[in-house]
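Here is start-v3.txt, consisting of compact mmCIF, C-alpha atoms:
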# COMPACT_ATOMS: atom_id res chain seq x y z
CA MET A 396 54.79 81.31 166.08
CA VAL A 397 51.56 82.43 167.75
CA VAL A 398 48.61 83.52 165.65
CA ASP A 399 45.09 84.63 166.48
CA ALA A 400 42.00 85.78 164.64
CA ASP A 401 43.54 89.22 164.04
CA SER A 402 46.74 87.88 162.48
CA SER A 403 47.50 88.76 158.87
CA PHE A 404 46.97 86.49 155.91
CA LEU A 405 50.71 85.89 155.49
CA GLN A 406 51.11 84.97 159.16
CA TRP A 407 48.36 82.37 158.85
CA VAL A 408 49.94 80.90 155.71
CA ILE A 409 53.33 80.60 157.44
CA TYR A 410 51.69 79.08 160.52
CA ILE A 411 49.79 76.50 158.47
CA LEU A 412 52.91 75.53 156.52
CA GLN A 413 54.95 75.18 159.71
CA HIS A 414 52.40 73.02 161.53
CA TYR A 415 50.70 71.06 158.75
CA TRP A 416 53.40 70.47 156.14
CA PRO A 417 53.51 66.72 156.99
CA LEU A 418 49.81 66.47 156.04
CA PHE A 419 50.41 68.19 152.70
CA LEU A 420 53.46 66.01 152.04
CA ARG A 421 51.64 62.75 152.81
CA GLY A 422 48.64 63.82 150.76
CA ALA A 423 50.81 64.75 147.77
CA GLU A 424 52.62 61.41 148.03
CA VAL A 425 49.39 59.42 148.00
CA THR A 426 48.06 61.53 145.13
CA LEU A 427 51.15 60.91 142.99
CA ILE A 428 51.27 57.17 143.74
CA ILE A 429 47.60 56.64 142.90
CA SER A 430 47.67 58.81 139.77
CA LEU A 431 50.92 57.29 138.45
CA THR A 432 49.92 53.68 139.16
CA GLY A 433 46.41 54.24 137.82
CA THR A 434 47.76 55.83 134.63
CA ILE A 435 50.20 52.97 133.98
CA ILE A 436 47.59 50.26 134.59
CA GLY A 437 44.98 52.20 132.63
CA PHE A 438 47.43 52.56 129.74
CA ALA A 439 47.98 48.78 129.72
CA ILE A 440 44.19 48.26 129.73
CA GLY A 441 43.84 50.76 126.91
CA ILE A 442 46.46 49.03 124.76
CA LEU A 443 44.82 45.63 125.27
CA ILE A 444 41.33 46.90 124.43
CA GLY A 445 42.56 49.11 121.59
CA VAL A 446 44.32 46.17 119.94
CA ILE A 447 41.31 43.86 120.38
CA ARG A 448 38.92 46.42 118.93
CA THR A 449 41.06 46.88 115.81
CA VAL A 450 41.43 43.18 114.98
CA PRO A 451 40.15 42.79 111.39
CA VAL A 452 37.21 40.43 111.00
CA ASP A 453 35.82 39.79 107.52
CA ASN A 454 33.11 37.59 106.10
CA ASN A 455 35.62 34.85 105.29
CA ASN A 456 36.07 34.09 108.98
CA HIS A 457 34.12 31.30 110.62
CA ILE A 458 30.68 32.37 111.84
CA LEU A 459 31.54 31.42 115.44
CA LYS A 460 34.68 33.54 115.32
CA ARG A 461 32.75 36.52 113.96
CA ALA A 462 30.08 36.14 116.62
CA THR A 463 32.70 35.93 119.38
CA PHE A 464 34.47 39.06 118.19
CA LYS A 465 31.18 40.95 117.97
CA ALA A 466 30.23 39.90 121.49
CA VAL A 467 33.64 40.88 122.88
CA ASN A 468 33.55 44.21 121.05
CA PHE A 469 30.06 44.91 122.39
CA LEU A 470 31.15 44.23 125.98
CA LEU A 471 34.25 46.38 125.60
CA LEU A 472 32.19 49.17 124.08
CA CYS A 473 29.78 49.00 127.05
CA TYR A 474 32.72 49.28 129.44
CA ILE A 475 34.09 52.30 127.57
CA GLU A 476 30.75 54.10 127.37
CA VAL A 477 29.87 53.49 131.03
CA PHE A 478 33.17 54.73 132.44
CA ARG A 479 33.48 57.65 130.04
CA GLY A 480 29.85 58.64 130.53
CA THR A 481 29.76 58.76 134.34
CA PRO A 482 31.72 60.92 136.82
CA MET A 483 34.63 59.32 138.66
CA ILE A 484 33.18 60.43 142.00
CA VAL A 485 30.04 58.36 141.32
CA GLN A 486 32.14 55.41 140.10
CA ALA A 487 34.14 55.57 143.35
CA MET A 488 31.01 55.35 145.49
CA VAL A 489 29.41 52.57 143.44
CA ILE A 490 32.56 50.42 143.22
CA PHE A 491 33.81 50.88 146.78
CA TYR A 492 30.49 50.24 148.50
CA GLY A 493 29.05 47.96 145.81
CA VAL A 494 31.94 45.48 145.94
CA ALA A 495 31.57 45.22 149.72
CA MET A 496 27.80 44.84 149.63
CA ILE A 497 27.46 42.43 146.68
CA TRP A 498 30.59 40.28 146.95
CA GLY A 499 31.59 40.92 150.56
CA ILE A 500 35.04 42.17 149.48
CA HIS A 501 36.22 45.02 151.68
CA LEU A 502 38.96 46.85 149.80
CA SER A 503 41.26 49.27 151.53
CA THR A 504 40.67 52.86 150.44
CA PHE A 505 44.14 53.02 148.89
CA VAL A 506 43.68 49.87 146.78
CA ALA A 507 40.16 50.98 145.83
CA GLY A 508 41.52 54.35 144.73
CA ILE A 509 44.11 52.76 142.43
CA PHE A 510 41.50 50.35 141.02
CA ILE A 511 39.00 53.15 140.30
CA VAL A 512 41.55 55.43 138.64
CA SER A 513 42.92 52.50 136.60
CA ILE A 514 39.63 51.36 135.10
CA ASN A 515 38.50 54.93 134.51
CA THR A 516 41.75 55.74 132.71
CA GLY A 517 41.56 52.46 130.78
CA ALA A 518 38.23 53.49 129.24
CA TYR A 519 39.69 56.75 127.92
CA MET A 520 43.00 55.22 126.85
CA ALA A 521 41.21 52.45 124.93
CA GLU A 522 39.77 55.00 122.51
CA ILE A 523 43.01 56.98 122.38
CA VAL A 524 45.00 53.84 121.52
CA ARG A 525 42.40 52.77 118.96
CA GLY A 526 42.68 56.17 117.31
CA GLY A 527 46.47 55.90 117.31
CA ILE A 528 46.33 52.50 115.62
CA ILE A 529 43.83 53.69 113.02
CA SER A 530 46.05 56.70 112.26
CA ILE A 531 48.85 54.42 110.99
CA ASP A 532 48.84 54.16 107.22
CA LYS A 533 47.11 51.00 105.98
CA GLY A 534 49.95 50.43 103.53
CA GLN A 535 52.16 49.42 106.47
CA PHE A 536 49.70 46.67 107.41
CA GLU A 537 49.61 45.46 103.81
CA ALA A 538 53.40 45.54 103.49
CA ALA A 539 53.81 43.55 106.72
CA HIS A 540 51.28 40.94 105.60
CA ALA A 541 52.96 40.76 102.21
CA ILE A 542 56.24 39.63 103.79
CA GLY A 543 54.44 36.97 105.82
CA MET A 544 53.98 38.70 109.19
CA THR A 545 50.93 37.77 111.24
CA HIS A 546 48.55 40.38 112.61
CA SER A 547 50.09 40.01 116.08
CA GLN A 548 53.61 40.49 114.73
CA THR A 549 52.51 43.49 112.71
CA MET A 550 50.92 45.13 115.74
CA ALA A 551 53.83 44.41 118.11
CA CYS A 552 56.72 45.27 115.78
CA ILE A 553 55.38 47.92 113.43
CA VAL A 554 52.07 49.52 114.41
CA LEU A 555 52.09 49.81 118.19
CA PRO A 556 55.53 51.51 118.49
CA GLN A 557 54.35 54.22 116.10
CA ALA A 558 50.89 54.48 117.65
CA ILE A 559 52.29 54.82 121.18
CA ARG A 560 54.65 57.56 120.03
CA ASN A 561 51.71 59.40 118.44
CA ILE A 562 49.52 59.19 121.55
CA LEU A 563 52.20 60.19 124.08
CA PRO A 564 50.81 63.75 124.40
CA ALA A 565 47.36 62.31 125.18
CA LEU A 566 48.90 59.93 127.73
CA SER A 567 50.71 62.83 129.38
CA ASN A 568 47.48 64.78 129.50
CA GLU A 569 45.69 61.81 131.08
CA PHE A 570 48.33 61.60 133.80
CA VAL A 571 47.92 65.29 134.64
CA ILE A 572 44.14 64.88 134.72
CA ASN A 573 44.49 61.93 137.10
CA ILE A 574 46.63 63.98 139.49
CA LYS A 575 43.76 66.46 139.78
CA ASP A 576 40.91 63.97 139.67
CA THR A 577 42.23 61.90 142.58
CA SER A 578 40.75 64.64 144.76
CA VAL A 579 37.30 63.08 144.27
CA LEU A 580 38.49 59.91 146.01
CA ASN A 581 38.20 61.68 149.36
CA VAL A 582 34.51 60.66 149.31
CA ILE A 583 35.56 57.06 150.10
CA GLY A 584 38.22 58.11 152.61
CA VAL A 585 41.38 58.04 150.48
CA THR A 586 43.89 60.23 152.33
CA GLU A 587 45.09 62.10 149.26
CA LEU A 588 45.99 65.79 149.14
CA PHE A 589 42.46 67.18 149.20
CA PHE A 590 41.48 64.93 152.14
CA GLN A 591 44.53 66.04 154.14
CA SER A 592 43.81 69.67 153.30
CA LYS A 593 40.30 69.36 154.71
CA SER A 594 41.78 67.97 157.91
CA ALA A 595 44.21 70.89 158.19
CA ALA A 596 41.53 73.47 157.42
CA GLY A 597 39.09 71.99 159.95
CA ASN A 598 41.53 72.51 162.82
CA ASN A 599 41.64 76.31 162.48
CA TYR A 600 38.75 77.08 160.12
CA ARG A 601 41.20 78.87 157.79
CA TYR A 602 39.86 77.35 154.57
CA PHE A 603 41.09 80.03 152.20
CA GLU A 604 44.71 79.88 153.33
CA VAL A 605 44.79 76.07 153.44
CA PHE A 606 43.27 75.53 150.03
CA LEU A 607 45.39 78.25 148.49
CA ILE A 608 48.42 76.23 149.61
CA THR A 609 46.74 73.07 148.27
CA CYS A 610 46.18 74.77 144.93
CA LEU A 611 49.87 75.66 144.71
CA VAL A 612 50.91 72.09 145.59
CA TYR A 613 48.71 70.72 142.80
CA LEU A 614 50.14 73.31 140.41
CA VAL A 615 53.72 72.36 141.29
CA MET A 616 52.98 68.66 140.78
CA THR A 617 51.21 69.07 137.43
CA PHE A 618 53.76 71.58 136.13
CA THR A 619 56.68 69.32 137.07
CA VAL A 620 55.07 66.22 135.55
CA THR A 621 54.22 68.12 132.35
CA ARG A 622 57.82 69.33 131.93
CA ILE A 623 59.24 65.83 132.52
CA LEU A 624 56.86 64.23 130.03
CA ARG A 625 57.53 66.89 127.39
CA TYR A 626 61.24 66.28 127.79
CA LEU A 627 60.66 62.55 127.23
CA GLU A 628 58.58 63.29 124.14
CA LYS A 629 61.40 65.35 122.67
CA ARG A 630 63.91 62.62 123.43
CA LEU A 631 61.74 60.09 121.60
CA GLU A 632 61.63 62.32 118.53
CA GLY A 633 65.29 61.58 117.93
CA PRO A 634 67.99 63.93 116.62
CA GLU A 635 67.15 66.76 114.25
CA VAL A 636 69.93 65.74 111.85
CA TYR A 637 69.86 62.26 110.33
CA THR A 638 72.76 60.68 108.46
CA ILE A 639 71.77 58.47 105.55
CA HIS A 640 74.46 55.90 104.80
CA GLY A 641 74.71 55.43 101.08
CA SER A 642 75.76 52.54 98.90
CA GLN A 643 78.64 52.42 96.44
CA THR A 644 76.70 54.54 93.99
CA VAL A 645 74.95 56.90 96.43
CA PRO A 646 77.17 58.90 98.81
CA GLU A 647 76.29 59.54 102.43
CA ALA A 648 74.10 62.54 103.06
CA GLU A 649 72.83 64.48 106.03
CA ILE A 650 69.21 65.50 106.18
CA LYS A 651 67.92 68.05 108.69
CA ILE A 652 64.26 67.85 109.63
CA VAL A 653 62.83 71.37 109.42
CA GLY A 654 59.83 72.66 111.33
CA ARG A 655 60.31 71.18 114.80

Could you render the structure as structure tokens?
Amino acid sequence: MVVDADSSFLQWVIYILQHYWPLFLRGAEVTLIISLTGTIIGFAIGILIGVIRTVPVDNNNHILKRATFKAVNFLLLCYIEVFRGTPMIVQAMVIFYGVAMIWGIHLSTFVAGIFIVSINTGAYMAEIVRGGIISIDKGQFEAAHAIGMTHSQTMACIVLPQAIRNILPALSNEFVINIKDTSVLNVIGVTELFFQSKSAAGNNYRYFEVFLITCLVYLVMTFTVTRILRYLEKRLEGPEVYTIHGSQTVPEAEIKIVGR
């Protein structure tokens, strides 16, 4: 297909898709890998920090233990405030070039991209997880302690499963945000979708057509991910009809949860 400056908009779009689809495909692949890996690692960071920040410390604890927890909480709070209070594009520049200049560690752009997205996501997920833990009724903590469970056992077996289920929508939202926000990593040379789109647009100076295609690719990715995650959320809700198995005196009964 031959196009020139007088060709129609549709002809240019078809031409760009025919000649530059490998760039869009590679860019979308890098974007999904970085955003997915960064979200998973960030979620793990968030769980760890969220659990640490909700550990109960009272005046009966040893003074050294209280001081240690306060110091750790202060450092974690600094981490959360710094990475939630600064743009990811600035974090990318500071971390990528700062690590090389201060410690002499030259990260590849791909590894740096995953690292940046992970620690940025971890800061947001830490507060989301903390909120999920706090939302669990305190009576469940008291009941677990009453039967002799330690705090770690209570968190692992009772609280965290419920908290994670409650924060799944926020986790899904964070994943979708990461898919879009990886575009800022082009400033350090990560060859994600936006970076590849700039390369395609620079060859023919058809920026509108190229970035319209890029916009649609992002939309397809975020829409697909959203649908998959919503399906998983519904699966985790369980069946709408629950069968309660009775004892010798109470017969079995079916209860349907209304309002879903």

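CA of Ile428 in chain A lies 23.9 Å from CA of His414 in chain A.
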
Do a neighbour search on range 530-536 of chain A at 7 Å with all atoms listed in the file, toss out local chain neighbours closer than 6 positions, and write the hits as a compact mmCIF listing (two decimals) with C-alpha atoms, keeping the file's coordinate frame.
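Once everything was written out, this is result_21.txt:
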# COMPACT_ATOMS: atom_id res chain seq x y z
CA THR A 549 52.51 43.49 112.71
CA VAL A 554 52.07 49.52 114.41
CA ALA A 558 50.89 54.48 117.65

### Summary
Computed gap from CA of Val612 in chain A to CA of Tyr410 in chain A is 16.5 Å

### Message
Need to verify the contact set: Ile523 in chain A, 8 Å, all atoms listed in the file, exclusion of same-chain residues closer than 4 positions in sequence. Can you return it as a PyMOL selection string?
### Response
chain A and resi 441+445+519+527+562+565

Selection to disk with C-alpha atoms, as a compact mmCIF listing (two decimals), keeping the file's coordinate frame:
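Saved the output as selection13.txt:
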# COMPACT_ATOMS: atom_id res chain seq x y z
CA GLY A 441 43.84 50.76 126.91
CA GLY A 445 42.56 49.11 121.59
CA TYR A 519 39.69 56.75 127.92
CA GLY A 527 46.47 55.90 117.31
CA ILE A 562 49.52 59.19 121.55
CA ALA A 565 47.36 62.31 125.18

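Nearest to Ile514 in chain A of all the residues A:Ile429, A:Phe478, A:Gly597, A:Asn468 is A:Phe478, counting all atoms listed in the file.
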
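Nearest to Gln486 in chain A of all the residues A:Asn561, A:Ser430, A:Ser513, A:Ser594 is A:Ser513, based on all atoms listed in the file.
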
### Query
What does the distance between CA of Ile574 in chain A and CA of Gly499 in chain A come to in Å, to one decimal place?
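CA of Gly499 in chain A lies 29.7 Å from CA of Ile574 in chain A.
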
### Task
Fewer than 4 positions away in the same chain doesn't count, so skip those; otherwise give me all residues within 9 Å of Ala439 in chain A, counting all atoms listed in the file, as a list in words.
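Near neighbours after the sequence-gap exclusion: Thr434, Ile435, Leu443, Ile444, Gly517 and Met520 of chain A.
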
### Query
Which is closer to Val425 in chain A than all the others in A:Leu471, A:Val408, A:Ala539, A:Val506, using only C-alpha atoms?
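Smallest separation from Val425 in chain A among the options: A:Val506.
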
### Message
Residues near Val485 in chain A, anyone? I mean within 12 Å using all atoms listed in the file, not counting same-chain ones fewer than 5 positions away, as a ChimeraX atom specification.
### Response
/A:477-480,490-493,511,515,579-583

Produce a table with one row for each residue of range 398-472 of chain A that has an atom at most 9 Å from any atom of range 604-609 of chain A, each row naming the nearest atom pair and its distance in Å at one decimal; use only C-alpha atoms; arrange rows by chain and rising residue number; format as a tab-separated table.
residue	atom	partner	partner_atom	distance
A:Phe404	CA	A:Glu604	CA	7.4
A:Leu405	CA	A:Glu604	CA	8.8
A:Trp407	CA	A:Glu604	CA	7.1
A:Val408	CA	A:Glu604	CA	5.8
A:Ile411	CA	A:Val605	CA	7.1
A:Leu412	CA	A:Ile608	CA	8.3
A:Phe419	CA	A:Thr609	CA	7.5

### Message
So, with all atoms listed in the file as the atoms that count, which of A:Phe510, A:Leu624, A:Leu431, A:Gly526 lies closest to Val494 in chain A?
### Response
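Among the listed residues, A:Phe510 lies closest to Val494 in chain A.
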
#### Entry: Given all atoms listed in the file as the counted atoms, nearest of A:Ala595, A:Leu614, A:Leu420, A:Val585 to Ser503 in chain A
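Of the candidates, the smallest distance to Ser503 in chain A is held by A:Val585.
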
### Message
From (54.6, 65.7, 135.4), in the file's coordinates, out to 12 Å: which residues are reached, counting only C-alpha atoms? Answer as a list in words.
### Response
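I get Leu427, Ser430, Leu431, Pro564, Leu566, Ser567, Asn568, Glu569, Phe570, Val571, Ile572, Asn573, Ile574, Lys575, Tyr613, Leu614, Val615, Met616, Thr617, Phe618, Thr619, Val620, Thr621, Arg622, Ile623, Leu624, Arg625, Tyr626 and Leu627 of chain A for the residues within 12 Å of that point.
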
### Query
Near Gly422 in chain A, counting all atoms listed in the file, which residues have an atom at most 7 Å away, once you skip same-chain residues fewer than 5 positions from it, shown as a ChimeraX atom specification?
/A:586-588,591

### For Gly433 in chain A, the nearest of the candidates A:Lys629, A:Thr545, A:Val512, A:Pro556, counting only C-alpha atoms
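That would be A:Val512, the residue with the smallest distance to Gly433 in chain A.
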